[in-house]
file protein-v5.txt (compact mmCIF, all heavy atoms)
# COMPACT_ATOMS: atom_id res chain seq x y z
N MET A 22 7.24 9.17 5.37
CA MET A 22 6.35 9.15 4.23
C MET A 22 5.16 10.06 4.55
O MET A 22 4.58 9.96 5.62
CB MET A 22 5.91 7.70 3.99
CG MET A 22 4.75 7.55 3.07
SD MET A 22 4.32 5.86 2.60
CE MET A 22 4.14 5.03 4.14
N SER A 23 4.86 10.92 3.61
CA SER A 23 3.74 11.84 3.83
C SER A 23 2.41 11.11 3.65
O SER A 23 2.35 10.01 3.08
CB SER A 23 3.82 13.01 2.86
OG SER A 23 3.44 12.61 1.55
N ASN A 24 1.37 11.70 4.12
CA ASN A 24 0.03 11.13 4.01
C ASN A 24 -0.38 10.98 2.55
O ASN A 24 -1.01 10.00 2.17
CB ASN A 24 -0.97 11.99 4.78
CG ASN A 24 -2.19 11.21 5.20
OD1 ASN A 24 -2.12 10.00 5.37
ND2 ASN A 24 -3.29 11.90 5.36
N ILE A 25 0.00 11.94 1.73
CA ILE A 25 -0.34 11.89 0.30
C ILE A 25 0.36 10.70 -0.35
O ILE A 25 -0.26 9.94 -1.11
CB ILE A 25 0.04 13.21 -0.40
CG1 ILE A 25 -0.87 14.34 0.09
CG2 ILE A 25 -0.03 13.07 -1.91
CD1 ILE A 25 -0.44 15.72 -0.39
N GLN A 26 1.65 10.53 -0.07
CA GLN A 26 2.39 9.40 -0.63
C GLN A 26 1.77 8.07 -0.20
O GLN A 26 1.63 7.15 -1.01
CB GLN A 26 3.85 9.46 -0.18
CG GLN A 26 4.63 10.60 -0.78
CD GLN A 26 5.99 10.77 -0.12
OE1 GLN A 26 6.11 10.66 1.09
NE2 GLN A 26 7.00 11.04 -0.93
N LYS A 27 1.43 7.98 1.07
CA LYS A 27 0.83 6.76 1.60
C LYS A 27 -0.48 6.45 0.89
O LYS A 27 -0.73 5.32 0.49
CB LYS A 27 0.62 6.88 3.11
CG LYS A 27 0.08 5.61 3.74
CD LYS A 27 0.08 5.69 5.24
CE LYS A 27 -1.18 6.34 5.72
NZ LYS A 27 -1.37 6.26 7.16
N ASN A 28 -1.31 7.47 0.70
CA ASN A 28 -2.60 7.26 0.05
C ASN A 28 -2.44 6.82 -1.40
O ASN A 28 -3.21 5.99 -1.89
CB ASN A 28 -3.46 8.53 0.13
CG ASN A 28 -4.00 8.76 1.52
OD1 ASN A 28 -4.07 7.85 2.33
ND2 ASN A 28 -4.37 9.99 1.81
N ILE A 29 -1.46 7.36 -2.09
CA ILE A 29 -1.20 6.96 -3.48
C ILE A 29 -0.79 5.49 -3.54
O ILE A 29 -1.28 4.73 -4.38
CB ILE A 29 -0.14 7.87 -4.12
CG1 ILE A 29 -0.71 9.28 -4.33
CG2 ILE A 29 0.36 7.28 -5.44
CD1 ILE A 29 0.31 10.32 -4.72
N ILE A 30 0.10 5.09 -2.65
CA ILE A 30 0.56 3.70 -2.64
C ILE A 30 -0.58 2.76 -2.28
O ILE A 30 -0.75 1.69 -2.89
CB ILE A 30 1.76 3.53 -1.69
CG1 ILE A 30 2.96 4.30 -2.23
CG2 ILE A 30 2.10 2.06 -1.48
CD1 ILE A 30 4.13 4.41 -1.29
N ILE A 31 -1.39 3.14 -1.30
CA ILE A 31 -2.54 2.32 -0.91
C ILE A 31 -3.50 2.15 -2.08
O ILE A 31 -3.94 1.04 -2.38
CB ILE A 31 -3.27 2.94 0.30
CG1 ILE A 31 -2.40 2.81 1.55
CG2 ILE A 31 -4.63 2.28 0.52
CD1 ILE A 31 -2.87 3.64 2.72
N ARG A 32 -3.77 3.24 -2.77
CA ARG A 32 -4.67 3.17 -3.92
C ARG A 32 -4.10 2.27 -5.02
O ARG A 32 -4.81 1.46 -5.60
CB ARG A 32 -4.93 4.58 -4.45
CG ARG A 32 -6.18 4.66 -5.27
CD ARG A 32 -6.64 6.06 -5.43
NE ARG A 32 -7.25 6.51 -4.18
CZ ARG A 32 -7.87 7.66 -4.03
NH1 ARG A 32 -7.96 8.49 -5.04
NH2 ARG A 32 -8.42 7.99 -2.90
N ALA A 33 -2.80 2.39 -5.27
CA ALA A 33 -2.15 1.57 -6.28
C ALA A 33 -2.20 0.09 -5.89
O ALA A 33 -2.48 -0.77 -6.74
CB ALA A 33 -0.71 2.01 -6.48
N LEU A 34 -1.96 -0.21 -4.64
CA LEU A 34 -2.00 -1.61 -4.19
C LEU A 34 -3.41 -2.17 -4.25
O LEU A 34 -3.60 -3.36 -4.54
CB LEU A 34 -1.42 -1.74 -2.78
CG LEU A 34 0.09 -1.62 -2.68
CD1 LEU A 34 0.54 -1.60 -1.23
CD2 LEU A 34 0.77 -2.74 -3.44
N ARG A 35 -4.41 -1.36 -3.98
CA ARG A 35 -5.80 -1.83 -4.09
C ARG A 35 -6.14 -2.16 -5.54
O ARG A 35 -6.81 -3.15 -5.81
CB ARG A 35 -6.77 -0.78 -3.55
CG ARG A 35 -6.77 -0.73 -2.04
CD ARG A 35 -7.74 0.28 -1.50
NE ARG A 35 -7.73 0.26 -0.05
CZ ARG A 35 -8.16 1.25 0.71
NH1 ARG A 35 -8.65 2.34 0.16
NH2 ARG A 35 -8.13 1.15 2.02
N ILE A 36 -5.66 -1.35 -6.46
CA ILE A 36 -5.88 -1.62 -7.88
C ILE A 36 -5.17 -2.92 -8.28
O ILE A 36 -5.74 -3.76 -8.99
CB ILE A 36 -5.40 -0.44 -8.74
CG1 ILE A 36 -6.31 0.77 -8.52
CG2 ILE A 36 -5.34 -0.82 -10.22
CD1 ILE A 36 -5.78 2.08 -9.09
N ARG A 37 -3.94 -3.08 -7.82
CA ARG A 37 -3.18 -4.29 -8.13
C ARG A 37 -3.86 -5.52 -7.52
O ARG A 37 -3.88 -6.59 -8.12
CB ARG A 37 -1.74 -4.16 -7.64
CG ARG A 37 -0.95 -3.14 -8.47
CD ARG A 37 0.42 -2.89 -7.94
NE ARG A 37 1.30 -4.03 -8.23
CZ ARG A 37 2.61 -3.99 -8.08
NH1 ARG A 37 3.20 -2.90 -7.63
NH2 ARG A 37 3.33 -5.06 -8.35
N LYS A 38 -4.45 -5.35 -6.33
CA LYS A 38 -5.17 -6.45 -5.68
C LYS A 38 -6.39 -6.85 -6.51
O LYS A 38 -6.67 -8.03 -6.70
CB LYS A 38 -5.60 -6.03 -4.27
CG LYS A 38 -6.31 -7.10 -3.49
CD LYS A 38 -6.68 -6.63 -2.11
CE LYS A 38 -7.43 -7.68 -1.33
NZ LYS A 38 -7.79 -7.20 0.01
N GLN A 39 -7.10 -5.87 -7.04
CA GLN A 39 -8.27 -6.15 -7.89
C GLN A 39 -7.86 -6.86 -9.17
O GLN A 39 -8.65 -7.58 -9.76
CB GLN A 39 -9.00 -4.86 -8.23
CG GLN A 39 -9.75 -4.26 -7.07
CD GLN A 39 -10.38 -2.92 -7.41
OE1 GLN A 39 -10.05 -2.30 -8.42
NE2 GLN A 39 -11.29 -2.47 -6.56
N SER A 40 -6.63 -6.64 -9.61
CA SER A 40 -6.11 -7.29 -10.81
C SER A 40 -5.58 -8.69 -10.53
O SER A 40 -5.05 -9.34 -11.42
CB SER A 40 -4.98 -6.45 -11.42
OG SER A 40 -5.48 -5.20 -11.81
N GLY A 41 -5.68 -9.12 -9.28
CA GLY A 41 -5.30 -10.48 -8.93
C GLY A 41 -3.94 -10.62 -8.28
O GLY A 41 -3.52 -11.74 -7.97
N GLU A 42 -3.25 -9.52 -8.06
CA GLU A 42 -1.94 -9.60 -7.40
C GLU A 42 -2.10 -9.67 -5.89
O GLU A 42 -3.06 -9.15 -5.33
CB GLU A 42 -1.09 -8.37 -7.75
CG GLU A 42 -0.59 -8.35 -9.17
CD GLU A 42 0.38 -7.21 -9.39
OE1 GLU A 42 1.45 -7.20 -8.75
OE2 GLU A 42 0.05 -6.34 -10.20
N ASP A 43 -1.14 -10.29 -5.24
CA ASP A 43 -1.11 -10.35 -3.79
C ASP A 43 -0.45 -9.07 -3.27
O ASP A 43 0.72 -8.82 -3.58
CB ASP A 43 -0.31 -11.58 -3.35
CG ASP A 43 -0.26 -11.75 -1.84
OD1 ASP A 43 -0.90 -10.96 -1.12
OD2 ASP A 43 0.43 -12.68 -1.39
N PRO A 44 -1.17 -8.28 -2.48
CA PRO A 44 -0.59 -7.03 -1.97
C PRO A 44 0.68 -7.23 -1.15
O PRO A 44 1.57 -6.39 -1.19
CB PRO A 44 -1.70 -6.43 -1.11
CG PRO A 44 -2.95 -7.04 -1.60
CD PRO A 44 -2.57 -8.41 -2.09
N ALA A 45 0.78 -8.34 -0.44
CA ALA A 45 1.97 -8.61 0.37
C ALA A 45 3.21 -8.78 -0.51
O ALA A 45 4.32 -8.46 -0.10
CB ALA A 45 1.75 -9.84 1.23
N VAL A 46 3.02 -9.28 -1.72
CA VAL A 46 4.12 -9.43 -2.67
C VAL A 46 4.34 -8.11 -3.40
O VAL A 46 5.48 -7.67 -3.59
CB VAL A 46 3.84 -10.58 -3.66
CG1 VAL A 46 4.91 -10.65 -4.74
CG2 VAL A 46 3.72 -11.90 -2.93
N ALA A 47 3.25 -7.47 -3.81
CA ALA A 47 3.34 -6.24 -4.60
C ALA A 47 3.99 -5.10 -3.82
O ALA A 47 4.69 -4.27 -4.40
CB ALA A 47 1.95 -5.82 -5.07
N VAL A 48 3.79 -5.05 -2.51
CA VAL A 48 4.34 -3.95 -1.71
C VAL A 48 5.87 -3.98 -1.71
O VAL A 48 6.51 -2.95 -1.53
CB VAL A 48 3.78 -3.96 -0.27
CG1 VAL A 48 4.43 -5.04 0.59
CG2 VAL A 48 3.95 -2.60 0.39
N LYS A 49 6.46 -5.12 -1.98
CA LYS A 49 7.92 -5.23 -2.03
C LYS A 49 8.51 -4.49 -3.24
O LYS A 49 9.70 -4.20 -3.27
CB LYS A 49 8.34 -6.69 -2.04
CG LYS A 49 8.02 -7.40 -0.73
CD LYS A 49 8.51 -8.83 -0.75
CE LYS A 49 8.15 -9.67 0.42
NZ LYS A 49 7.79 -9.21 1.65
N ASP A 50 7.67 -4.15 -4.22
CA ASP A 50 8.12 -3.36 -5.36
C ASP A 50 8.45 -1.92 -4.95
O ASP A 50 9.17 -1.23 -5.66
CB ASP A 50 7.05 -3.31 -6.46
CG ASP A 50 6.89 -4.66 -7.16
OD1 ASP A 50 7.78 -5.52 -7.03
OD2 ASP A 50 5.87 -4.82 -7.84
N TYR A 51 7.91 -1.49 -3.83
CA TYR A 51 8.15 -0.13 -3.33
C TYR A 51 9.37 -0.20 -2.41
O TYR A 51 9.26 -0.24 -1.18
CB TYR A 51 6.90 0.40 -2.61
CG TYR A 51 5.71 0.44 -3.53
CD1 TYR A 51 4.82 -0.63 -3.62
CD2 TYR A 51 5.49 1.54 -4.35
CE1 TYR A 51 3.74 -0.60 -4.48
CE2 TYR A 51 4.40 1.59 -5.22
CZ TYR A 51 3.54 0.51 -5.28
OH TYR A 51 2.48 0.55 -6.15
N THR A 52 10.55 -0.21 -3.02
CA THR A 52 11.79 -0.50 -2.31
C THR A 52 12.22 0.61 -1.33
O THR A 52 13.03 0.35 -0.45
CB THR A 52 12.93 -0.75 -3.30
OG1 THR A 52 13.07 0.39 -4.16
CG2 THR A 52 12.65 -1.97 -4.15
N LYS A 53 11.70 1.80 -1.50
CA LYS A 53 12.11 2.89 -0.59
C LYS A 53 11.29 2.91 0.70
O LYS A 53 11.60 3.70 1.60
CB LYS A 53 12.01 4.23 -1.31
CG LYS A 53 13.04 4.35 -2.42
CD LYS A 53 13.17 5.75 -2.92
CE LYS A 53 14.26 5.80 -3.97
NZ LYS A 53 14.61 7.14 -4.33
N LEU A 54 10.28 2.06 0.80
CA LEU A 54 9.51 1.98 2.03
C LEU A 54 10.26 1.15 3.06
O LEU A 54 10.86 0.12 2.72
CB LEU A 54 8.14 1.34 1.78
CG LEU A 54 7.15 2.07 0.90
CD1 LEU A 54 5.87 1.26 0.79
CD2 LEU A 54 6.85 3.45 1.43
N THR A 55 10.19 1.57 4.30
CA THR A 55 10.76 0.76 5.38
C THR A 55 9.83 -0.41 5.63
O THR A 55 8.68 -0.42 5.17
CB THR A 55 10.92 1.58 6.67
OG1 THR A 55 9.62 1.94 7.13
CG2 THR A 55 11.77 2.81 6.46
N VAL A 56 10.29 -1.38 6.40
CA VAL A 56 9.46 -2.54 6.74
C VAL A 56 8.22 -2.07 7.50
O VAL A 56 7.12 -2.56 7.27
CB VAL A 56 10.28 -3.56 7.56
CG1 VAL A 56 9.39 -4.69 8.06
CG2 VAL A 56 11.42 -4.11 6.73
N ALA A 57 8.39 -1.11 8.38
CA ALA A 57 7.26 -0.58 9.15
C ALA A 57 6.25 0.11 8.24
O ALA A 57 5.04 -0.05 8.41
CB ALA A 57 7.75 0.39 10.22
N GLU A 58 6.74 0.87 7.26
CA GLU A 58 5.85 1.55 6.32
C GLU A 58 5.12 0.53 5.45
O GLU A 58 3.92 0.69 5.17
CB GLU A 58 6.62 2.54 5.46
CG GLU A 58 7.10 3.76 6.21
CD GLU A 58 8.07 4.62 5.43
OE1 GLU A 58 8.75 4.11 4.51
OE2 GLU A 58 8.16 5.82 5.75
N GLN A 59 5.82 -0.52 5.02
CA GLN A 59 5.18 -1.57 4.24
C GLN A 59 4.05 -2.21 5.04
O GLN A 59 2.96 -2.44 4.51
CB GLN A 59 6.19 -2.63 3.81
CG GLN A 59 7.13 -2.18 2.73
CD GLN A 59 8.14 -3.25 2.34
OE1 GLN A 59 8.18 -4.33 2.92
NE2 GLN A 59 8.97 -2.94 1.36
N ALA A 60 4.31 -2.49 6.29
CA ALA A 60 3.29 -3.11 7.16
C ALA A 60 2.10 -2.18 7.33
O ALA A 60 0.95 -2.62 7.30
CB ALA A 60 3.90 -3.47 8.51
N GLU A 61 2.37 -0.90 7.50
CA GLU A 61 1.30 0.09 7.67
C GLU A 61 0.42 0.16 6.43
O GLU A 61 -0.81 0.17 6.52
CB GLU A 61 1.93 1.45 7.96
CG GLU A 61 0.95 2.56 8.22
CD GLU A 61 1.64 3.89 8.47
OE1 GLU A 61 2.87 3.92 8.70
OE2 GLU A 61 0.93 4.91 8.44
N VAL A 62 1.05 0.20 5.27
CA VAL A 62 0.31 0.26 4.01
C VAL A 62 -0.49 -1.01 3.80
O VAL A 62 -1.67 -0.96 3.43
CB VAL A 62 1.30 0.52 2.84
CG1 VAL A 62 0.62 0.30 1.51
CG2 VAL A 62 1.86 1.93 2.91
N LEU A 63 0.11 -2.16 4.06
CA LEU A 63 -0.61 -3.43 3.90
C LEU A 63 -1.81 -3.52 4.82
O LEU A 63 -2.86 -4.03 4.43
CB LEU A 63 0.33 -4.61 4.18
CG LEU A 63 1.17 -5.08 3.02
CD1 LEU A 63 2.11 -6.20 3.46
CD2 LEU A 63 0.31 -5.54 1.86
N GLU A 64 -1.65 -3.02 6.04
CA GLU A 64 -2.76 -3.02 6.99
C GLU A 64 -3.95 -2.24 6.44
O GLU A 64 -5.09 -2.65 6.54
CB GLU A 64 -2.31 -2.45 8.33
CG GLU A 64 -3.38 -2.48 9.40
CD GLU A 64 -2.86 -1.92 10.71
OE1 GLU A 64 -1.70 -2.14 11.03
OE2 GLU A 64 -3.67 -1.24 11.38
N GLU A 65 -3.65 -1.10 5.84
CA GLU A 65 -4.70 -0.26 5.24
C GLU A 65 -5.35 -0.95 4.05
O GLU A 65 -6.56 -0.93 3.89
CB GLU A 65 -4.11 1.07 4.78
CG GLU A 65 -3.50 1.89 5.88
CD GLU A 65 -4.47 2.90 6.49
OE1 GLU A 65 -5.55 3.09 5.91
OE2 GLU A 65 -4.11 3.46 7.53
N VAL A 66 -4.53 -1.59 3.21
CA VAL A 66 -5.06 -2.25 2.01
C VAL A 66 -5.93 -3.45 2.41
O VAL A 66 -7.04 -3.62 1.92
CB VAL A 66 -3.91 -2.71 1.09
CG1 VAL A 66 -4.43 -3.59 -0.04
CG2 VAL A 66 -3.19 -1.50 0.51
N GLU A 67 -5.42 -4.26 3.32
CA GLU A 67 -6.15 -5.45 3.74
C GLU A 67 -7.34 -5.12 4.62
O GLU A 67 -8.37 -5.79 4.55
CB GLU A 67 -5.20 -6.41 4.48
CG GLU A 67 -4.09 -6.96 3.63
CD GLU A 67 -4.55 -7.85 2.48
OE1 GLU A 67 -5.65 -8.41 2.57
OE2 GLU A 67 -3.81 -7.96 1.51
N GLY A 68 -7.20 -4.05 5.41
CA GLY A 68 -8.29 -3.65 6.29
C GLY A 68 -9.45 -3.00 5.55
O GLY A 68 -10.57 -2.99 6.02
N GLY A 69 -9.15 -2.45 4.37
CA GLY A 69 -10.21 -1.90 3.55
C GLY A 69 -10.77 -0.59 4.04
O GLY A 69 -11.93 -0.27 3.78
N ARG A 70 -9.97 0.20 4.73
CA ARG A 70 -10.46 1.50 5.18
C ARG A 70 -10.84 2.36 4.00
O ARG A 70 -10.15 2.38 2.99
CB ARG A 70 -9.40 2.22 6.01
CG ARG A 70 -9.35 1.70 7.43
CD ARG A 70 -8.39 2.44 8.31
NE ARG A 70 -8.28 3.86 8.01
CZ ARG A 70 -7.40 4.65 8.57
NH1 ARG A 70 -6.58 4.19 9.45
NH2 ARG A 70 -7.34 5.93 8.25
N ALA A 71 -11.91 3.09 4.12
CA ALA A 71 -12.45 3.87 2.99
C ALA A 71 -11.70 5.17 2.77
O ALA A 71 -11.80 5.75 1.70
CB ALA A 71 -13.92 4.15 3.24
N ASP A 72 -10.96 5.66 3.76
CA ASP A 72 -10.35 6.98 3.63
C ASP A 72 -8.93 6.93 3.06
O ASP A 72 -8.28 7.95 2.98
CB ASP A 72 -10.34 7.71 4.97
CG ASP A 72 -9.51 7.02 6.02
OD1 ASP A 72 -9.15 5.85 5.82
OD2 ASP A 72 -9.24 7.64 7.06
N GLY A 73 -8.47 5.76 2.66
CA GLY A 73 -7.11 5.64 2.17
C GLY A 73 -6.95 5.85 0.70
O GLY A 73 -7.75 5.84 -0.13

call {"tool": "encode", "arguments": {"input": "protein-v5.txt", "output": "structure tokens"}}
result
Amino acid sequence: MSNIQKNIIIRALRIRKQSGEDPAVAVKDYTKLTVAEQAEVLEEVEGGRADG
């Protein structure tokens, strides 16, 4: 997964989180991500890094 793709997914999950969705559940909608990629994205969303 490229950095651009990762940033788009992170941004989308943050928006979904603000709408009341659980990111751990929402990330499963991205079926082409591997388990490791899902974990990486969730870490960024939950960690709240500003550069994502």

call {"tool": "atom_distance", "arguments": {"input": "protein-v5.txt", "atom1": "atom CA of Tyr51 of chain A", "atom2": "atom CA of Gly68 of chain A"}}
result
19.4 Å

call {"tool": "residues_around", "arguments": {"input": "protein-v5.txt", "residues": "Glu67 of chain A", "least_positions_apart": "2", "cutoff": "10 Å", "atoms": "only C-alpha atoms", "output": "list in words"}}
result
Ile31, Leu34, Arg35, Lys38, Pro44, Ala45, Val62, Leu63, Glu64, Glu65, Gly69 and Arg70 of chain A

call {"tool": "write_last_selection", "arguments": {"input": "protein-v5.txt", "atoms": "all heavy atoms", "output": "mmCIF file, in the coordinates of the input"}}
result
data_model
loop_
_atom_site.group_PDB
_atom_site.id
_atom_site.type_symbol
_atom_site.label_atom_id
_atom_site.label_comp_id
_atom_site.auth_asym_id
_atom_site.auth_seq_id
_atom_site.Cartn_x
_atom_site.Cartn_y
_atom_site.Cartn_z
ATOM 1 N N ILE A 31 -1.390 3.140 -1.300
ATOM 2 C CA ILE A 31 -2.540 2.320 -0.910
ATOM 3 C C ILE A 31 -3.500 2.150 -2.080
ATOM 4 O O ILE A 31 -3.940 1.040 -2.380
ATOM 5 C CB ILE A 31 -3.270 2.940 0.300
ATOM 6 C CG1 ILE A 31 -2.400 2.810 1.550
ATOM 7 C CG2 ILE A 31 -4.630 2.280 0.520
ATOM 8 C CD1 ILE A 31 -2.870 3.640 2.720
ATOM 9 N N LEU A 34 -1.960 -0.210 -4.640
ATOM 10 C CA LEU A 34 -2.000 -1.610 -4.190
ATOM 11 C C LEU A 34 -3.410 -2.170 -4.250
ATOM 12 O O LEU A 34 -3.600 -3.360 -4.540
ATOM 13 C CB LEU A 34 -1.420 -1.740 -2.780
ATOM 14 C CG LEU A 34 0.090 -1.620 -2.680
ATOM 15 C CD1 LEU A 34 0.540 -1.600 -1.230
ATOM 16 C CD2 LEU A 34 0.770 -2.740 -3.440
ATOM 17 N N ARG A 35 -4.410 -1.360 -3.980
ATOM 18 C CA ARG A 35 -5.800 -1.830 -4.090
ATOM 19 C C ARG A 35 -6.140 -2.160 -5.540
ATOM 20 O O ARG A 35 -6.810 -3.150 -5.810
ATOM 21 C CB ARG A 35 -6.770 -0.780 -3.550
ATOM 22 C CG ARG A 35 -6.770 -0.730 -2.040
ATOM 23 C CD ARG A 35 -7.740 0.280 -1.500
ATOM 24 N NE ARG A 35 -7.730 0.260 -0.050
ATOM 25 C CZ ARG A 35 -8.160 1.250 0.710
ATOM 26 N NH1 ARG A 35 -8.650 2.340 0.160
ATOM 27 N NH2 ARG A 35 -8.130 1.150 2.020
ATOM 28 N N LYS A 38 -4.450 -5.350 -6.330
ATOM 29 C CA LYS A 38 -5.170 -6.450 -5.680
ATOM 30 C C LYS A 38 -6.390 -6.850 -6.510
ATOM 31 O O LYS A 38 -6.670 -8.030 -6.700
ATOM 32 C CB LYS A 38 -5.600 -6.030 -4.270
ATOM 33 C CG LYS A 38 -6.310 -7.100 -3.490
ATOM 34 C CD LYS A 38 -6.680 -6.630 -2.110
ATOM 35 C CE LYS A 38 -7.430 -7.680 -1.330
ATOM 36 N NZ LYS A 38 -7.790 -7.200 0.010
ATOM 37 N N PRO A 44 -1.170 -8.280 -2.480
ATOM 38 C CA PRO A 44 -0.590 -7.030 -1.970
ATOM 39 C C PRO A 44 0.680 -7.230 -1.150
ATOM 40 O O PRO A 44 1.570 -6.390 -1.190
ATOM 41 C CB PRO A 44 -1.700 -6.430 -1.110
ATOM 42 C CG PRO A 44 -2.950 -7.040 -1.600
ATOM 43 C CD PRO A 44 -2.570 -8.410 -2.090
ATOM 44 N N ALA A 45 0.780 -8.340 -0.440
ATOM 45 C CA ALA A 45 1.970 -8.610 0.370
ATOM 46 C C ALA A 45 3.210 -8.780 -0.510
ATOM 47 O O ALA A 45 4.320 -8.460 -0.100
ATOM 48 C CB ALA A 45 1.750 -9.840 1.230
ATOM 49 N N VAL A 62 1.050 0.200 5.270
ATOM 50 C CA VAL A 62 0.310 0.260 4.010
ATOM 51 C C VAL A 62 -0.490 -1.010 3.800
ATOM 52 O O VAL A 62 -1.670 -0.960 3.430
ATOM 53 C CB VAL A 62 1.300 0.520 2.840
ATOM 54 C CG1 VAL A 62 0.620 0.300 1.510
ATOM 55 C CG2 VAL A 62 1.860 1.930 2.910
ATOM 56 N N LEU A 63 0.110 -2.160 4.060
ATOM 57 C CA LEU A 63 -0.610 -3.430 3.900
ATOM 58 C C LEU A 63 -1.810 -3.520 4.820
ATOM 59 O O LEU A 63 -2.860 -4.030 4.430
ATOM 60 C CB LEU A 63 0.330 -4.610 4.180
ATOM 61 C CG LEU A 63 1.170 -5.080 3.020
ATOM 62 C CD1 LEU A 63 2.110 -6.200 3.460
ATOM 63 C CD2 LEU A 63 0.310 -5.540 1.860
ATOM 64 N N GLU A 64 -1.650 -3.020 6.040
ATOM 65 C CA GLU A 64 -2.760 -3.020 6.990
ATOM 66 C C GLU A 64 -3.950 -2.240 6.440
ATOM 67 O O GLU A 64 -5.090 -2.650 6.540
ATOM 68 C CB GLU A 64 -2.310 -2.450 8.330
ATOM 69 C CG GLU A 64 -3.380 -2.480 9.400
ATOM 70 C CD GLU A 64 -2.860 -1.920 10.710
ATOM 71 O OE1 GLU A 64 -1.700 -2.140 11.030
ATOM 72 O OE2 GLU A 64 -3.670 -1.240 11.380
ATOM 73 N N GLU A 65 -3.650 -1.100 5.840
ATOM 74 C CA GLU A 65 -4.700 -0.260 5.240
ATOM 75 C C GLU A 65 -5.350 -0.950 4.050
ATOM 76 O O GLU A 65 -6.560 -0.930 3.890
ATOM 77 C CB GLU A 65 -4.110 1.070 4.780
ATOM 78 C CG GLU A 65 -3.500 1.890 5.880
ATOM 79 C CD GLU A 65 -4.470 2.900 6.490
ATOM 80 O OE1 GLU A 65 -5.550 3.090 5.910
ATOM 81 O OE2 GLU A 65 -4.110 3.460 7.530
ATOM 82 N N GLY A 69 -9.150 -2.450 4.370
ATOM 83 C CA GLY A 69 -10.210 -1.900 3.550
ATOM 84 C C GLY A 69 -10.770 -0.590 4.040
ATOM 85 O O GLY A 69 -11.930 -0.270 3.780
ATOM 86 N N ARG A 70 -9.970 0.200 4.730
ATOM 87 C CA ARG A 70 -10.460 1.500 5.180
ATOM 88 C C ARG A 70 -10.840 2.360 4.000
ATOM 89 O O ARG A 70 -10.150 2.380 2.990
ATOM 90 C CB ARG A 70 -9.400 2.220 6.010
ATOM 91 C CG ARG A 70 -9.350 1.700 7.430
ATOM 92 C CD ARG A 70 -8.390 2.440 8.310
ATOM 93 N NE ARG A 70 -8.280 3.860 8.010
ATOM 94 C CZ ARG A 70 -7.400 4.650 8.570
ATOM 95 N NH1 ARG A 70 -6.580 4.190 9.450
ATOM 96 N NH2 ARG A 70 -7.340 5.930 8.250
#

call {"tool": "atom_distance", "arguments": {"input": "protein-v5.txt", "atom1": "atom CA of Glu42 of chain A", "atom2": "atom CA of Thr55 of chain A"}}
result
20.8 Å

call {"tool": "residues_around", "arguments": {"input": "protein-v5.txt", "residues": "Met22 of chain A", "least_positions_apart": "6", "cutoff": "12 Å", "atoms": "only C-alpha atoms", "output": "list in words"}}
result
Asn28, Ile29, Ile30, Lys53, Leu54, Thr55, Ala57, Glu58, Gln59, Glu61 and Val62 of chain A

call {"tool": "select_by_dssp", "arguments": {"input": "protein-v5.txt", "residues": "chain A", "states": "alpha helix (DSSP H)", "output": "PyMOL selection string"}}
result
chain A and resi 24-39+44-47+56-68

call {"tool": "atom_distance", "arguments": {"input": "protein-v5.txt", "atom1": "atom C of Gln26 of chain A", "atom2": "atom O of Val66 of chain A"}}
result
14.8 Å
